[in-house]
>>> print(open('data_26.cif').read())   # mmCIF, C-alpha atoms and all ligand atoms
data_query
#
loop_
_atom_site.label_atom_id
_atom_site.label_comp_id
_atom_site.auth_asym_id
_atom_site.auth_seq_id
_atom_site.Cartn_x
_atom_site.Cartn_y
_atom_site.Cartn_z
CA MET C 29 22.03 -2.70 24.40
CA MET C 30 20.98 -0.77 21.31
CA LYS C 31 18.36 1.96 21.04
CA ILE C 32 15.52 1.11 18.68
CA LEU C 33 13.33 4.10 17.84
CA VAL C 34 9.71 3.48 16.86
CA ALA C 35 8.77 6.77 15.20
CA THR C 36 5.19 6.89 13.98
CA GLU C 37 3.20 10.01 13.29
CA LYS C 38 0.20 7.64 12.94
CA PRO C 39 0.63 5.35 16.00
CA PHE C 40 0.48 1.56 16.05
CA ALA C 41 -2.38 -0.06 18.00
CA PRO C 42 -1.31 -0.21 21.69
CA VAL C 43 -1.30 -4.01 21.68
CA ALA C 44 1.19 -3.93 18.78
CA ILE C 45 3.55 -1.72 20.81
CA THR C 46 3.40 -4.18 23.73
CA LEU C 47 4.44 -7.01 21.41
CA ILE C 48 7.12 -4.95 19.61
CA ARG C 49 8.57 -4.02 23.02
CA GLU C 50 8.64 -7.69 24.01
CA VAL C 51 10.52 -8.73 20.86
CA LEU C 52 13.06 -5.90 21.18
CA GLU C 53 13.65 -6.35 24.91
CA ASN C 54 13.99 -10.12 24.53
CA GLY C 55 16.63 -9.34 21.92
CA GLY C 56 18.47 -7.24 24.53
CA HIS C 57 17.50 -3.82 23.13
CA GLU C 58 15.74 -0.70 24.37
CA LEU C 59 12.60 0.63 22.69
CA VAL C 60 12.23 4.40 22.42
CA LEU C 61 8.75 5.50 21.37
CA LEU C 62 7.94 8.67 19.45
CA GLU C 63 4.28 8.82 18.46
CA LYS C 64 2.14 11.59 16.95
CA TYR C 65 5.12 13.93 16.57
CA LYS C 66 4.21 17.32 15.16
CA THR C 67 7.48 18.55 13.67
CA THR C 68 10.39 17.16 11.70
CA GLN C 69 12.67 18.58 14.38
CA GLU C 70 11.11 16.25 16.99
CA LEU C 71 11.80 13.32 14.69
CA HIS C 72 15.37 14.45 14.03
CA ASP C 73 16.03 14.89 17.77
CA ALA C 74 14.71 11.41 18.50
CA VAL C 75 16.77 9.67 15.82
CA ALA C 76 20.04 11.38 16.82
CA ASP C 77 21.19 8.49 19.02
CA ALA C 78 19.13 5.63 17.59
CA ASP C 79 20.81 2.48 16.29
CA ALA C 80 17.72 1.26 14.47
CA MET C 81 14.36 2.65 13.54
CA ILE C 82 10.86 1.40 12.77
CA VAL C 83 8.53 3.71 10.81
CA ARG C 84 5.15 3.48 9.11
CA SER C 85 4.35 6.14 6.46
CA ASP C 86 6.88 8.52 8.07
CA ILE C 87 9.33 10.22 5.72
CA VAL C 88 12.90 8.96 5.98
CA ASP C 89 14.84 11.35 3.77
CA ALA C 90 18.46 12.39 3.36
CA ALA C 91 18.07 15.11 6.01
CA LEU C 92 16.95 12.57 8.60
CA ILE C 93 19.65 10.04 7.70
CA GLY C 94 22.18 12.90 7.92
CA VAL C 95 21.36 13.56 11.60
CA ALA C 96 21.39 9.89 12.62
CA PRO C 97 25.09 8.93 12.81
CA LYS C 98 24.49 5.65 14.69
CA LEU C 99 21.63 4.43 12.52
CA LYS C 100 22.30 0.99 11.03
CA ILE C 101 18.87 -0.11 9.87
CA VAL C 102 15.46 1.39 9.15
CA VAL C 103 12.43 -0.83 8.70
CA ARG C 104 9.21 0.35 7.15
CA ALA C 105 6.47 -1.64 8.94
CA GLY C 106 4.39 -2.15 5.81
CA ALA C 107 4.67 -3.04 2.15
CA GLY C 108 5.21 0.17 0.13
CA TYR C 109 8.53 1.86 0.92
CA ASP C 110 8.26 4.96 -1.26
CA ASN C 111 8.63 7.02 1.96
CA LEU C 112 12.25 5.85 2.35
CA ASP C 113 15.08 7.57 0.46
CA LEU C 114 16.90 4.40 -0.54
CA ASN C 115 19.91 6.17 -2.04
CA ALA C 116 20.46 8.20 1.13
CA CYS C 117 20.27 4.97 3.16
CA THR C 118 22.83 3.31 0.87
CA ASP C 119 25.17 6.35 0.97
CA HIS C 120 25.21 6.23 4.79
CA ASN C 121 25.48 2.44 5.04
CA VAL C 122 21.97 2.15 6.47
CA VAL C 123 20.06 -1.02 5.59
CA ALA C 124 16.46 -0.31 4.52
CA MET C 125 13.79 -3.02 4.76
CA ASN C 126 10.03 -3.43 4.48
CA THR C 127 7.82 -6.16 5.94
CA PRO C 128 6.16 -7.68 2.88
CA GLY C 129 2.85 -9.51 3.16
CA GLN C 130 2.05 -8.52 6.73
CA ASN C 131 -0.84 -6.17 5.98
CA SER C 132 -2.07 -7.58 2.67
CA ASN C 133 -5.25 -9.15 3.96
CA ALA C 134 -6.27 -5.90 5.67
CA VAL C 135 -5.81 -4.00 2.41
CA ALA C 136 -7.75 -6.58 0.39
CA GLU C 137 -10.64 -6.56 2.88
CA LEU C 138 -10.82 -2.77 2.61
CA ALA C 139 -10.91 -2.98 -1.20
CA PHE C 140 -13.87 -5.37 -1.04
CA GLY C 141 -15.52 -3.26 1.63
CA MET C 142 -15.40 -0.28 -0.73
CA MET C 143 -16.59 -2.38 -3.69
CA LEU C 144 -19.59 -3.78 -1.80
CA PHE C 145 -20.44 -0.36 -0.35
CA SER C 146 -20.40 1.16 -3.83
CA ALA C 147 -22.26 -1.72 -5.53
CA ARG C 148 -25.07 -1.24 -2.97
CA GLY C 149 -25.24 2.51 -3.53
CA GLY C 150 -23.57 3.42 -0.24
CA PHE C 151 -26.25 1.39 1.62
CA ASP C 152 -28.89 3.93 0.64
CA GLY C 153 -31.80 1.48 0.75
CA LYS C 154 -32.26 1.49 -3.04
CA THR C 155 -31.64 -1.26 -5.62
CA GLY C 156 -27.96 -1.96 -6.12
CA SER C 157 -25.88 -4.65 -7.80
CA GLU C 158 -23.90 -7.73 -6.78
CA LEU C 159 -20.27 -8.68 -7.22
CA MET C 160 -21.03 -12.32 -8.07
CA GLY C 161 -20.21 -13.09 -11.70
CA LYS C 162 -18.59 -9.70 -12.33
CA SER C 163 -15.08 -9.44 -13.80
CA LEU C 164 -12.29 -8.28 -11.51
CA GLY C 165 -8.90 -7.25 -12.91
CA LEU C 166 -5.96 -7.29 -10.53
CA HIS C 167 -3.38 -4.80 -11.73
CA ALA C 168 -0.37 -6.59 -10.13
CA PHE C 169 -0.38 -9.94 -8.44
CA GLY C 170 1.81 -9.50 -5.37
CA ASN C 171 0.85 -10.05 -1.75
CA VAL C 172 -2.29 -7.90 -1.82
CA GLY C 173 -3.27 -9.19 -5.27
CA LYS C 174 -3.15 -12.76 -3.97
CA CYS C 175 -5.44 -11.91 -1.03
CA MET C 176 -7.81 -10.18 -3.47
CA ALA C 177 -8.00 -13.35 -5.57
CA ARG C 178 -8.77 -15.50 -2.51
CA ILE C 179 -11.67 -13.25 -1.46
CA ALA C 180 -12.95 -12.74 -5.02
CA ALA C 181 -13.08 -16.52 -5.52
CA GLY C 182 -15.45 -16.74 -2.52
CA LEU C 183 -17.65 -14.11 -4.15
CA ASP C 184 -17.72 -16.07 -7.42
CA MET C 185 -16.15 -13.27 -9.44
CA GLN C 186 -14.23 -13.89 -12.67
CA ILE C 187 -10.66 -12.97 -11.78
CA PHE C 188 -8.01 -11.71 -14.19
CA ALA C 189 -4.53 -10.38 -13.40
CA PHE C 190 -1.68 -8.58 -15.12
CA ASP C 191 1.77 -8.82 -13.57
CA PRO C 192 4.76 -9.24 -15.89
CA PHE C 193 6.95 -10.36 -12.99
CA VAL C 194 4.79 -13.30 -11.88
CA GLU C 195 4.59 -16.71 -13.60
CA ASN C 196 1.27 -17.40 -15.33
CA ASN C 197 1.05 -20.82 -13.68
CA PHE C 198 1.27 -19.24 -10.26
CA MET C 199 -1.77 -17.11 -11.12
CA ARG C 200 -3.67 -20.07 -12.58
CA ASP C 201 -3.05 -22.08 -9.41
CA ALA C 202 -4.75 -19.26 -7.51
CA GLY C 203 -7.81 -19.46 -9.78
CA VAL C 204 -6.80 -16.37 -11.75
CA ILE C 205 -6.72 -15.91 -15.53
CA PRO C 206 -3.43 -14.24 -16.47
CA VAL C 207 -3.59 -11.65 -19.27
CA GLU C 208 -0.67 -10.72 -21.48
CA THR C 209 -1.08 -6.96 -21.63
CA VAL C 210 -2.30 -4.28 -19.29
CA GLU C 211 -4.68 -3.08 -22.04
CA GLU C 212 -6.32 -6.50 -22.09
CA LEU C 213 -6.88 -6.32 -18.35
CA TYR C 214 -8.69 -2.99 -18.56
CA SER C 215 -10.68 -4.06 -21.64
CA ARG C 216 -11.97 -7.24 -20.01
CA CYS C 217 -12.74 -6.11 -16.49
CA GLN C 218 -15.61 -4.10 -15.07
CA TYR C 219 -13.74 -3.79 -11.77
CA VAL C 220 -10.01 -3.01 -11.85
CA SER C 221 -8.13 -3.00 -8.57
CA LEU C 222 -4.67 -1.43 -8.39
CA HIS C 223 -1.87 -3.24 -6.55
CA ILE C 224 1.23 -1.89 -8.30
CA PRO C 225 3.96 -0.19 -6.26
CA ALA C 226 4.61 3.52 -6.76
CA ASN C 227 7.91 3.81 -8.64
CA ASP C 228 9.38 5.63 -11.64
CA LYS C 229 7.65 3.24 -14.06
CA THR C 230 4.21 3.25 -12.46
CA ARG C 231 3.72 6.85 -11.30
CA ASN C 232 0.96 8.51 -13.38
CA SER C 233 0.64 5.32 -15.42
CA VAL C 234 -3.10 4.75 -15.01
CA GLY C 235 -4.79 7.37 -17.17
CA GLU C 236 -7.19 7.98 -20.03
CA LYS C 237 -5.66 5.39 -22.38
CA LEU C 238 -6.36 2.50 -20.00
CA LEU C 239 -9.52 3.79 -18.31
CA SER C 240 -11.30 4.42 -21.64
CA LEU C 241 -10.93 0.71 -22.40
CA MET C 242 -13.00 -0.41 -19.42
CA PRO C 243 -16.47 -1.85 -20.11
CA GLN C 244 -19.80 -0.32 -19.07
CA GLY C 245 -20.22 0.16 -15.29
CA ALA C 246 -16.47 0.52 -14.81
CA VAL C 247 -15.18 0.76 -11.24
CA LEU C 248 -11.56 1.64 -10.50
CA VAL C 249 -10.42 0.65 -7.01
CA ASN C 250 -7.21 2.15 -5.67
CA THR C 251 -5.66 0.85 -2.48
CA ALA C 252 -2.16 1.28 -3.95
CA ARG C 253 -0.97 4.91 -4.04
CA LYS C 254 -2.65 8.01 -5.42
CA GLU C 255 0.55 8.77 -7.35
CA VAL C 256 0.01 5.83 -9.73
CA ILE C 257 -3.11 7.54 -11.10
CA ASN C 258 -2.95 10.34 -13.60
CA GLU C 259 -5.57 12.31 -11.75
CA SER C 260 -6.35 14.93 -14.38
CA GLU C 261 -6.93 12.17 -16.97
CA LEU C 262 -9.12 10.26 -14.50
CA LEU C 263 -11.21 13.42 -14.10
CA THR C 264 -11.48 13.77 -17.89
CA VAL C 265 -12.66 10.17 -18.29
CA MET C 266 -15.18 10.49 -15.45
CA VAL C 267 -16.64 13.60 -17.10
CA LYS C 268 -16.97 11.71 -20.41
CA ARG C 269 -18.27 8.51 -18.83
CA SER C 270 -21.15 8.89 -16.40
CA ASP C 271 -21.02 5.14 -15.69
CA MET C 272 -17.53 5.19 -14.17
CA LYS C 273 -16.79 5.11 -10.44
CA TYR C 274 -13.58 5.65 -8.49
CA LEU C 275 -13.02 4.16 -5.03
CA SER C 276 -9.81 5.03 -3.26
CA ASP C 277 -8.00 4.53 0.03
CA VAL C 278 -6.98 8.16 0.49
CA SER C 279 -8.35 11.30 -1.09
CA PRO C 280 -7.02 12.44 -4.44
CA ASP C 281 -5.49 15.90 -4.81
CA ASN C 282 -8.71 17.36 -6.22
CA ALA C 283 -11.20 15.77 -3.86
CA GLU C 284 -13.49 18.81 -3.99
CA LEU C 285 -13.86 18.41 -7.78
CA PHE C 286 -15.07 14.84 -7.33
CA ALA C 287 -17.59 16.04 -4.74
CA GLU C 288 -18.77 18.79 -7.09
CA LYS C 289 -19.06 16.74 -10.29
CA PHE C 290 -19.43 13.06 -9.43
CA ALA C 291 -21.92 12.63 -6.60
CA GLY C 292 -22.50 8.94 -5.87
CA ARG C 293 -19.64 7.90 -8.17
CA TYR C 294 -16.70 8.04 -5.81
CA PHE C 295 -15.69 7.04 -2.33
CA PHE C 296 -12.53 8.07 -0.50
CA THR C 297 -11.40 6.98 2.93
CA PRO C 298 -10.84 10.11 5.06
CA LYS C 299 -7.32 8.96 5.93
CA LYS C 300 -5.27 6.14 4.41
CA MET C 301 -6.51 3.11 6.31
CA GLY C 302 -5.86 0.00 4.21
CA ALA C 303 -3.36 -1.35 6.71
CA GLN C 304 -5.13 0.10 9.74
CA THR C 305 -6.30 -2.99 11.52
CA GLU C 306 -5.13 -4.23 14.85
CA GLU C 307 -4.05 -7.48 13.20
CA ALA C 308 -2.01 -5.76 10.47
CA ASN C 309 -0.42 -3.41 13.01
CA ILE C 310 0.66 -6.39 15.08
CA ASN C 311 1.86 -8.43 12.09
CA ALA C 312 3.87 -5.61 10.50
CA GLY C 313 5.19 -4.13 13.77
CA VAL C 314 6.32 -7.45 15.19
CA ALA C 315 7.85 -8.48 11.86
CA ALA C 316 9.80 -5.19 11.80
CA ALA C 317 11.04 -5.74 15.37
CA ARG C 318 12.07 -9.34 14.59
CA GLN C 319 13.90 -8.27 11.44
CA ILE C 320 15.85 -5.66 13.43
CA VAL C 321 16.77 -8.10 16.21
CA SER C 322 17.88 -10.66 13.65
CA PHE C 323 19.89 -8.12 11.63
CA LEU C 324 21.67 -6.76 14.72
CA ALA C 325 22.43 -10.28 15.98
CA THR C 326 23.49 -12.03 12.78
CA GLY C 327 23.55 -9.48 9.93
CA ASP C 328 20.44 -11.10 8.40
CA GLU C 329 19.43 -8.86 5.47
CA THR C 330 16.31 -10.70 4.29
CA TYR C 331 13.79 -8.13 3.02
CA ARG C 332 16.49 -5.53 2.36
CA VAL C 333 15.18 -3.14 -0.32
CA ASN C 334 18.17 -0.81 -0.89
CA LYS C 335 21.48 -1.58 -2.57
CA PRO C 336 24.58 -2.06 -0.41
CA LYS C 337 27.23 0.67 -0.84
N1 LIG E 1 -3.58 1.26 1.35
C1 LIG E 1 -2.64 0.82 2.16
O1 LIG E 1 -2.62 1.07 3.34
C2 LIG E 1 -1.57 -0.07 1.59
C3 LIG E 1 -1.03 -1.09 2.37
C4 LIG E 1 -0.12 -1.97 1.78
C5 LIG E 1 0.29 -1.75 0.48
N2 LIG E 1 -0.20 -0.69 -0.22
C6 LIG E 1 0.25 -0.43 -1.59
O2 LIG E 1 -0.04 -1.57 -2.39
C7 LIG E 1 1.11 -1.91 -3.16
C8 LIG E 1 1.11 -3.41 -3.37
O3 LIG E 1 1.32 -4.05 -2.13
P1 LIG E 1 1.80 -5.58 -2.07
O4 LIG E 1 1.94 -5.91 -0.63
O5 LIG E 1 0.93 -6.42 -2.92
O6 LIG E 1 3.23 -5.44 -2.75
P2 LIG E 1 4.10 -6.60 -3.41
O7 LIG E 1 5.48 -6.07 -3.48
O8 LIG E 1 3.85 -7.90 -2.71
O9 LIG E 1 3.50 -6.73 -4.88
C9 LIG E 1 3.67 -5.78 -5.88
C10 LIG E 1 3.48 -6.50 -7.21
O10 LIG E 1 3.51 -5.52 -8.23
C11 LIG E 1 4.09 -6.12 -9.37
N3 LIG E 1 4.47 -5.07 -10.29
C12 LIG E 1 5.50 -4.18 -10.19
N4 LIG E 1 5.51 -3.33 -11.22
C13 LIG E 1 4.45 -3.69 -12.01
C14 LIG E 1 3.93 -3.19 -13.22
N5 LIG E 1 4.50 -2.15 -13.85
N6 LIG E 1 2.83 -3.80 -13.76
C15 LIG E 1 2.24 -4.84 -13.13
N7 LIG E 1 2.70 -5.36 -11.98
C16 LIG E 1 3.79 -4.79 -11.42
C17 LIG E 1 5.22 -6.94 -8.81
O11 LIG E 1 5.62 -7.96 -9.69
C18 LIG E 1 4.58 -7.51 -7.54
O12 LIG E 1 4.02 -8.78 -7.79
C19 LIG E 1 2.30 -1.39 -2.32
O13 LIG E 1 3.42 -1.08 -3.13
C20 LIG E 1 1.75 -0.17 -1.65
O14 LIG E 1 1.99 0.97 -2.45
C21 LIG E 1 -1.12 0.14 0.30
#
>>> encode(input="data_26.cif", output="structure tokens", more="lines below")
Ligand SMILES: NC(=O)c1ccc[n+]([C@@H]2O[C@H](COP(=O)([O-])OP(=O)(O)OC[C@H]3O[C@@H](n4cnc5c(N)ncnc54)[C@H](O)[C@@H]3O)[C@@H](O)[C@H]2O)c1
Amino acid sequence: MMKILVATEKPFAPVAITLIREVLENGGHELVLLEKYKTTQELHDAVADADAMIVRSDIVDAALIGVAPKLKIVVRAGAGYDNLDLNACTDHNVVAMNTPGQNSNAVAELAFGMMLFSARGGFDGKTGSELMGKSLGLHAFGNVGKCMARIAAGLDMQIFAFDPFVENNFMRDAGVIPVETVEELYSRCQYVSLHIPANDKTRNSVGEKLLSLMPQGAVLVNTARKEVINESELLTVMVKRSDMKYLSDVSPDNAELFAEKFAGRYFFTPKKMGAQTEEANINAGVAAARQIVSFLATGDETYRVNKPK
């Protein structure tokens, strides 16, 4: 029997834990639960004798890997894995995985929730606008991008996407017009929704150059990561352009400046909540548990995201 630690500062929905426990126990393993921990020390103590670990946005860095001598696998229950130190995992022969696609619909629904809320002036009872017929640019066409296209088609939006790693035909089959350059995406679309991962190429990549290209009534929607935005350039553009709005799942670093200068032109969720639905919790948590059981039983490394040593 192996010890599988579920370490989440932001807990899973209780029903997700019941199902994760079932998968792990059916696989012959023991679940150890650490929720809402307050200090890194608590996390380090808990991982000291764990064979495997499931996390959400929790930081898995070299210090943590260093105090977990039995750890064989860590699974981020979610899509983005920028909270895992992949090199440290590789150095210590720990397999790192994510659970792609399990929370994409939840994220896409939040993006549309924010867009509708903003288009109707925060439901203030005054005249607003509709999404029908408006142009939507998907900056990346991965799992969330695909869900965005499905919902946008129902709203009769014109959908464009830029993703150099996805075949144009795949986008066309989803009712999406592929564009060849990122500049074209921003030039053509009133709404641009970000679905790029945060990595060395994308961090700080959305700034004045791209945002200035957007047409009148521009709305930037960010359910990706705040790090992909060049925040000081976004502030500059929003000062220059009184028509531009920014909607984001998680507050930017200078939230108070937005409140001071851009009333009615921004919305931020109080806490990152794109993947915070009961359904997404269950999907991602159970997928993580299944991946661990399968890896420990057969060495199955599907969804591995770090290099082997
Ligand atoms: N708000 C939330 O709670 C929440 C939840 C899930 C995911 N996310 C974020 O959203 C991101 C996207 O999620 P996903 O599930 O669609 O991931 P995914 O891995 O399925 O898709 C990412 C897509 O980005 C494309 N891409 C990579 N670099 C690019 C670039 N420079 N230009 C254009 N396209 C590029 C890839 O080809 C891929 O198609 C995640 O990396 C994560 O940061 C946030």
>>> residues_near_ligand(input="data_26.cif", ligand="ligand LIG 1 (chain E)", cutoff="8 Å", atoms="all atoms listed in the file", output="ChimeraX atom specification")
/C:106-110,128-132,134-135,167-174,190-194,210,222-227,229-230,250-253,277-278,300-304
>>> atom_distance(input="data_26.cif", atom1="atom CA of C:Leu59", atom2="atom CA of C:Asn133")
27.7 Å
>>> closest_residue(input="data_26.cif", among="C:Lys299, C:Arg84, C:Lys38, C:Lys268", to="C:Val103", atoms="only C-alpha atoms")
C:Arg84
>>> closest_residue(input="data_26.cif", among="C:Lys162, C:Arg178, C:Arg148, C:Lys98", to="C:Gly292", atoms="only C-alpha atoms")
C:Arg148
>>> atom_distance(input="data_26.cif", atom1="atom CA of C:Leu159", atom2="atom CA of C:Leu144")
7.3 Å
